[in-house]
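Chemist: One file is attached below, run_3.cif, containing mmCIF, N, CA and C atoms.
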```
data_upload
loop_
_atom_site.group_PDB
_atom_site.id
_atom_site.type_symbol
_atom_site.label_atom_id
_atom_site.label_comp_id
_atom_site.auth_asym_id
_atom_site.auth_seq_id
_atom_site.Cartn_x
_atom_site.Cartn_y
_atom_site.Cartn_z
ATOM 1 N N MET A 8 44.965 -26.917 1.424
ATOM 2 C CA MET A 8 44.338 -25.841 2.161
ATOM 3 C C MET A 8 44.937 -25.787 3.568
ATOM 4 N N ALA A 9 45.282 -24.585 3.982
ATOM 5 C CA ALA A 9 45.915 -24.424 5.285
ATOM 6 C C ALA A 9 44.915 -24.669 6.402
ATOM 7 N N LYS A 10 45.366 -25.298 7.463
ATOM 8 C CA LYS A 10 44.516 -25.558 8.622
ATOM 9 C C LYS A 10 44.751 -24.460 9.643
ATOM 10 N N VAL A 11 44.215 -23.271 9.309
ATOM 11 C CA VAL A 11 44.430 -22.091 10.134
ATOM 12 C C VAL A 11 43.095 -21.381 10.322
ATOM 13 N N CYS A 12 42.848 -20.912 11.529
ATOM 14 C CA CYS A 12 41.640 -20.129 11.816
ATOM 15 C C CYS A 12 41.738 -18.790 11.087
ATOM 16 N N GLU A 13 40.670 -18.420 10.381
ATOM 17 C CA GLU A 13 40.689 -17.187 9.603
ATOM 18 C C GLU A 13 40.475 -15.944 10.463
ATOM 19 N N ILE A 14 40.117 -16.116 11.732
ATOM 20 C CA ILE A 14 39.926 -14.976 12.632
ATOM 21 C C ILE A 14 41.194 -14.709 13.449
ATOM 22 N N CYS A 15 41.656 -15.696 14.197
ATOM 23 C CA CYS A 15 42.784 -15.477 15.107
ATOM 24 C C CYS A 15 44.119 -15.987 14.568
ATOM 25 N N GLY A 16 44.089 -16.798 13.503
ATOM 26 C CA GLY A 16 45.335 -17.298 12.926
ATOM 27 C C GLY A 16 45.905 -18.511 13.641
ATOM 28 N N LYS A 17 45.116 -19.102 14.536
ATOM 29 C CA LYS A 17 45.590 -20.284 15.254
ATOM 30 C C LYS A 17 45.816 -21.425 14.268
ATOM 31 N N GLY A 18 46.969 -22.067 14.367
ATOM 32 C CA GLY A 18 47.315 -23.153 13.448
ATOM 33 C C GLY A 18 47.821 -24.376 14.178
ATOM 34 N N ARG A 19 48.511 -25.216 13.439
ATOM 35 C CA ARG A 19 48.998 -26.468 13.985
ATOM 36 C C ARG A 19 50.149 -26.229 14.957
ATOM 37 N N MET A 20 50.202 -27.026 16.017
ATOM 38 C CA MET A 20 51.310 -26.976 16.964
ATOM 39 C C MET A 20 52.075 -28.282 16.877
ATOM 40 N N ALA A 21 53.377 -28.209 17.040
ATOM 41 C CA ALA A 21 54.213 -29.402 16.984
ATOM 42 C C ALA A 21 54.870 -29.614 18.342
ATOM 43 N N GLY A 22 55.158 -30.876 18.635
ATOM 44 C CA GLY A 22 55.812 -31.193 19.897
ATOM 45 C C GLY A 22 56.130 -32.663 19.967
ATOM 46 N N ASN A 23 56.302 -33.152 21.174
ATOM 47 C CA ASN A 23 56.660 -34.542 21.382
ATOM 48 C C ASN A 23 55.606 -35.260 22.220
ATOM 49 N N ASN A 24 55.298 -36.499 21.839
ATOM 50 C CA ASN A 24 54.607 -37.414 22.738
ATOM 51 C C ASN A 24 55.690 -38.039 23.598
ATOM 52 N N VAL A 25 55.514 -38.015 24.905
ATOM 53 C CA VAL A 25 56.517 -38.578 25.801
ATOM 54 C C VAL A 25 55.888 -39.742 26.551
ATOM 55 N N SER A 26 56.449 -40.930 26.377
ATOM 56 C CA SER A 26 55.909 -42.120 27.013
ATOM 57 C C SER A 26 56.399 -42.223 28.457
ATOM 58 N N HIS A 27 55.855 -43.194 29.162
ATOM 59 C CA HIS A 27 56.284 -43.430 30.545
ATOM 60 C C HIS A 27 57.760 -43.809 30.599
ATOM 61 N N ALA A 28 58.253 -44.462 29.531
ATOM 62 C CA ALA A 28 59.667 -44.842 29.440
ATOM 63 C C ALA A 28 60.522 -43.688 28.905
ATOM 64 N N ASN A 29 59.923 -42.501 28.780
ATOM 65 C CA ASN A 29 60.597 -41.285 28.324
ATOM 66 C C ASN A 29 61.047 -41.363 26.863
ATOM 67 N N ASN A 30 60.359 -42.200 26.062
ATOM 68 C CA ASN A 30 60.600 -42.203 24.619
ATOM 69 C C ASN A 30 59.861 -41.015 24.025
ATOM 70 N N LYS A 31 60.504 -40.343 23.075
ATOM 71 C CA LYS A 31 59.894 -39.158 22.481
ATOM 72 C C LYS A 31 59.652 -39.389 20.994
ATOM 73 N N THR A 32 58.423 -39.132 20.558
ATOM 74 C CA THR A 32 58.084 -39.189 19.142
ATOM 75 C C THR A 32 57.396 -37.888 18.771
ATOM 76 N N LYS A 33 57.711 -37.416 17.568
ATOM 77 C CA LYS A 33 57.119 -36.163 17.094
ATOM 78 C C LYS A 33 55.617 -36.329 16.874
ATOM 79 N N THR A 34 54.866 -35.273 17.172
ATOM 80 C CA THR A 34 53.439 -35.283 16.943
ATOM 81 C C THR A 34 52.979 -33.866 16.635
ATOM 82 N N THR A 35 51.772 -33.745 16.073
ATOM 83 C CA THR A 35 51.198 -32.431 15.823
ATOM 84 C C THR A 35 49.800 -32.383 16.413
ATOM 85 N N TRP A 36 49.378 -31.200 16.805
ATOM 86 C CA TRP A 36 48.029 -30.974 17.305
ATOM 87 C C TRP A 36 47.362 -29.970 16.385
ATOM 88 N N GLN A 37 46.174 -30.315 15.890
ATOM 89 C CA GLN A 37 45.436 -29.448 14.978
ATOM 90 C C GLN A 37 44.403 -28.639 15.769
ATOM 91 N N PRO A 38 44.135 -27.411 15.342
ATOM 92 C CA PRO A 38 43.068 -26.646 15.984
ATOM 93 C C PRO A 38 41.710 -27.230 15.617
ATOM 94 N N ASN A 39 40.723 -27.037 16.481
ATOM 95 C CA ASN A 39 39.374 -27.537 16.238
ATOM 96 C C ASN A 39 38.655 -26.529 15.347
ATOM 97 N N LEU A 40 38.797 -26.709 14.023
ATOM 98 C CA LEU A 40 38.217 -25.775 13.065
ATOM 99 C C LEU A 40 36.848 -26.250 12.606
ATOM 100 N N GLN A 41 35.930 -25.307 12.491
ATOM 101 C CA GLN A 41 34.583 -25.572 11.996
ATOM 102 C C GLN A 41 34.321 -24.623 10.832
ATOM 103 N N THR A 42 33.599 -25.120 9.834
ATOM 104 C CA THR A 42 33.184 -24.272 8.729
ATOM 105 C C THR A 42 31.835 -23.654 9.088
ATOM 106 N N VAL A 43 31.785 -22.326 9.120
ATOM 107 C CA VAL A 43 30.555 -21.629 9.494
ATOM 108 C C VAL A 43 30.243 -20.567 8.451
ATOM 109 N N LYS A 44 28.943 -20.276 8.305
ATOM 110 C CA LYS A 44 28.519 -19.156 7.475
ATOM 111 C C LYS A 44 28.527 -17.927 8.364
ATOM 112 N N ALA A 45 29.357 -16.953 8.009
ATOM 113 C CA ALA A 45 29.505 -15.768 8.844
ATOM 114 C C ALA A 45 29.391 -14.521 7.986
ATOM 115 N N VAL A 46 29.062 -13.417 8.642
ATOM 116 C CA VAL A 46 28.992 -12.131 7.964
ATOM 117 C C VAL A 46 30.387 -11.518 7.982
ATOM 118 N N VAL A 47 30.962 -11.346 6.778
ATOM 119 C CA VAL A 47 32.294 -10.757 6.637
ATOM 120 C C VAL A 47 32.179 -9.575 5.686
ATOM 121 N N ASP A 48 32.477 -8.378 6.173
ATOM 122 C CA ASP A 48 32.378 -7.146 5.380
ATOM 123 C C ASP A 48 30.993 -6.977 4.762
ATOM 124 N N GLY A 49 29.957 -7.323 5.504
ATOM 125 C CA GLY A 49 28.590 -7.161 5.044
ATOM 126 C C GLY A 49 28.086 -8.250 4.116
ATOM 127 N N GLN A 50 28.928 -9.244 3.810
ATOM 128 C CA GLN A 50 28.536 -10.352 2.946
ATOM 129 C C GLN A 50 28.600 -11.653 3.721
ATOM 130 N N VAL A 51 27.755 -12.613 3.314
ATOM 131 C CA VAL A 51 27.768 -13.923 3.958
ATOM 132 C C VAL A 51 28.790 -14.804 3.253
ATOM 133 N N LYS A 52 29.737 -15.331 4.023
ATOM 134 C CA LYS A 52 30.778 -16.190 3.466
ATOM 135 C C LYS A 52 30.940 -17.411 4.350
ATOM 136 N N ARG A 53 31.456 -18.480 3.757
ATOM 137 C CA ARG A 53 31.838 -19.659 4.534
ATOM 138 C C ARG A 53 33.305 -19.511 4.915
ATOM 139 N N ILE A 54 33.569 -19.542 6.209
ATOM 140 C CA ILE A 54 34.949 -19.418 6.670
ATOM 141 C C ILE A 54 35.249 -20.526 7.668
ATOM 142 N N LYS A 55 36.528 -20.849 7.795
ATOM 143 C CA LYS A 55 36.967 -21.837 8.776
ATOM 144 C C LYS A 55 37.472 -21.099 9.999
ATOM 145 N N VAL A 56 36.817 -21.351 11.133
ATOM 146 C CA VAL A 56 37.198 -20.689 12.375
ATOM 147 C C VAL A 56 37.305 -21.721 13.488
ATOM 148 N N CYS A 57 38.132 -21.413 14.481
ATOM 149 C CA CYS A 57 38.289 -22.320 15.608
ATOM 150 C C CYS A 57 37.113 -22.139 16.564
ATOM 151 N N THR A 58 36.861 -23.141 17.360
ATOM 152 C CA THR A 58 35.725 -23.120 18.281
ATOM 153 C C THR A 58 35.903 -22.055 19.360
ATOM 154 N N ARG A 59 37.117 -21.691 19.688
ATOM 155 C CA ARG A 59 37.349 -20.629 20.673
ATOM 156 C C ARG A 59 36.813 -19.303 20.160
ATOM 157 N N CYS A 60 37.019 -19.021 18.858
ATOM 158 C CA CYS A 60 36.514 -17.768 18.278
ATOM 159 C C CYS A 60 34.994 -17.774 18.198
ATOM 160 N N ILE A 61 34.397 -18.932 17.889
ATOM 161 C CA ILE A 61 32.940 -19.030 17.838
ATOM 162 C C ILE A 61 32.359 -18.789 19.221
ATOM 163 N N ARG A 62 32.955 -19.419 20.225
ATOM 164 C CA ARG A 62 32.437 -19.342 21.589
ATOM 165 C C ARG A 62 32.600 -17.947 22.183
ATOM 166 N N SER A 63 33.685 -17.257 21.825
ATOM 167 C CA SER A 63 33.947 -15.941 22.407
ATOM 168 C C SER A 63 33.164 -14.833 21.734
ATOM 169 N N GLY A 64 32.484 -15.153 20.621
ATOM 170 C CA GLY A 64 31.687 -14.145 19.941
ATOM 171 C C GLY A 64 32.461 -13.338 18.917
ATOM 172 N N SER A 65 33.644 -13.789 18.526
ATOM 173 C CA SER A 65 34.435 -13.075 17.522
ATOM 174 C C SER A 65 33.844 -13.232 16.120
ATOM 175 N N VAL A 66 32.940 -14.205 15.949
ATOM 176 C CA VAL A 66 32.341 -14.487 14.655
ATOM 177 C C VAL A 66 30.858 -14.108 14.729
ATOM 178 N N VAL A 67 30.408 -13.316 13.740
ATOM 179 C CA VAL A 67 28.989 -12.995 13.636
ATOM 180 C C VAL A 67 28.382 -13.985 12.655
ATOM 181 N N LYS A 68 27.613 -14.949 13.169
ATOM 182 C CA LYS A 68 27.018 -15.970 12.304
ATOM 183 C C LYS A 68 25.897 -15.396 11.471
ATOM 184 N N ALA A 69 25.774 -15.892 10.253
ATOM 185 C CA ALA A 69 24.694 -15.472 9.366
ATOM 186 C C ALA A 69 23.435 -16.251 9.708
ATOM 187 N N ALA A 70 22.288 -15.621 9.509
ATOM 188 C CA ALA A 70 21.013 -16.278 9.821
ATOM 189 C C ALA A 70 20.660 -17.299 8.766
#
```
Could you write out this file's structure as structure tokens?
Modeler:
Amino acid sequence: MAKVCEICGKGRMAGNNVSHANNKTKTTWQPNLQTVKAVVDGQVKRIKVCTRCIRSGSVVKAA
């Protein structure tokens, strides 16, 4: 299952951890995804959304 927000499409980011000695190792950062019950097209569904979308009000939570 893809680790992508179903609202904004935010996904994994890749980059380097850089130590004090300037050693570089590959690393990934995952989005903070939460499973929420939301109203989608008039129906209640469970979707994975990032906390930024929840906080900004992009998701209408089901009661």
Chemist: I need the residue nearest A:Val56 from this list: A:Ala70, A:Val25, A:Leu40, A:Met20. Use only N, CA and C atoms for the distance.
Modeler: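 When distances to A:Val56 are compared using only N, CA and C atoms, the smallest one comes from A:Leu40.
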Chemist: Quick one: of A:Thr35, A:Ala28, A:Cys12, A:Lys44, who's nearest to A:Thr58, counting all atoms listed in the file?
Modeler: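 Among the listed residues, A:Cys12 lies closest to A:Thr58.
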Chemist: May I ask for the distance between atom CA of A:Asn24 and atom CA of A:Pro38, given in Å to one decimal place?
Modeler: 17.2 Å
Chemist: Taking all atoms listed in the file into account, name the residue in A:Thr32, A:Asn39, A:Ala69, A:Asn23 that is nearest to A:Lys52.
Modeler: A:Ala69
Chemist: Would you be able to write out as a list in words which residues have an atom within 8 Å of (30.5, -12.9, 9.9) in the file's coordinates, counting all atoms listed in the file?
Modeler: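 Protein and nucleic acid residues near the point are Val43, Lys44, Ala45, Val46, Val47, Asp48, Gly49, Gln50, Val51, Lys52, Ser65, Val66, Val67, Lys68 and Ala69 of chain A.
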Chemist: As an exercise, work out the distance from atom CA of A:Thr34 to atom CA of A:Ala21 in Å and give it to one decimal place.
Modeler: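 Taking atom CA of A:Thr34 and atom CA of A:Ala21, their separation equals 5.9 Å.
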Chemist: Where in chain A does DSSP assign strand (DSSP E or B), given as a ChimeraX atom specification?
Modeler: /A:20-25,31-36,40-47,50-57,68
Chemist: With distances taken over all atoms listed in the file, which residue among A:Ser26, A:Cys60, A:Gln37, A:Ile54 lies nearest A:Lys10?
Modeler: A:Gln37
Chemist: One number please: atom CA of A:Gly16 to atom CA of A:Ser63, in Å, one decimal.
Modeler: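 Those two atoms sit 14.9 Å apart.
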Chemist: Enumerate the residues of chain A with a DSSP assignment of alpha helix (DSSP H), computed from the backbone, and present them as a compact mmCIF listing (two decimals) with N, CA and C atoms, keeping the file's coordinate frame.
Modeler:
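Generated output (part28.txt):
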```txt
# COMPACT_ATOMS: atom_id res chain seq x y z
N THR A 58 36.86 -23.14 17.36
CA THR A 58 35.72 -23.12 18.28
C THR A 58 35.90 -22.06 19.36
N ARG A 59 37.12 -21.69 19.69
CA ARG A 59 37.35 -20.63 20.67
C ARG A 59 36.81 -19.30 20.16
N CYS A 60 37.02 -19.02 18.86
CA CYS A 60 36.51 -17.77 18.28
C CYS A 60 34.99 -17.77 18.20
N ILE A 61 34.40 -18.93 17.89
CA ILE A 61 32.94 -19.03 17.84
C ILE A 61 32.36 -18.79 19.22
N ARG A 62 32.96 -19.42 20.23
CA ARG A 62 32.44 -19.34 21.59
C ARG A 62 32.60 -17.95 22.18
N SER A 63 33.68 -17.26 21.82
CA SER A 63 33.95 -15.94 22.41
C SER A 63 33.16 -14.83 21.73
```
Chemist: Find the spatial neighbours of A:Lys55, counting all atoms listed in the file, within a cut-off of 5 Å - ignore same-chain residues fewer than 3 positions away - and output them as a count of residues only.
Modeler: 4
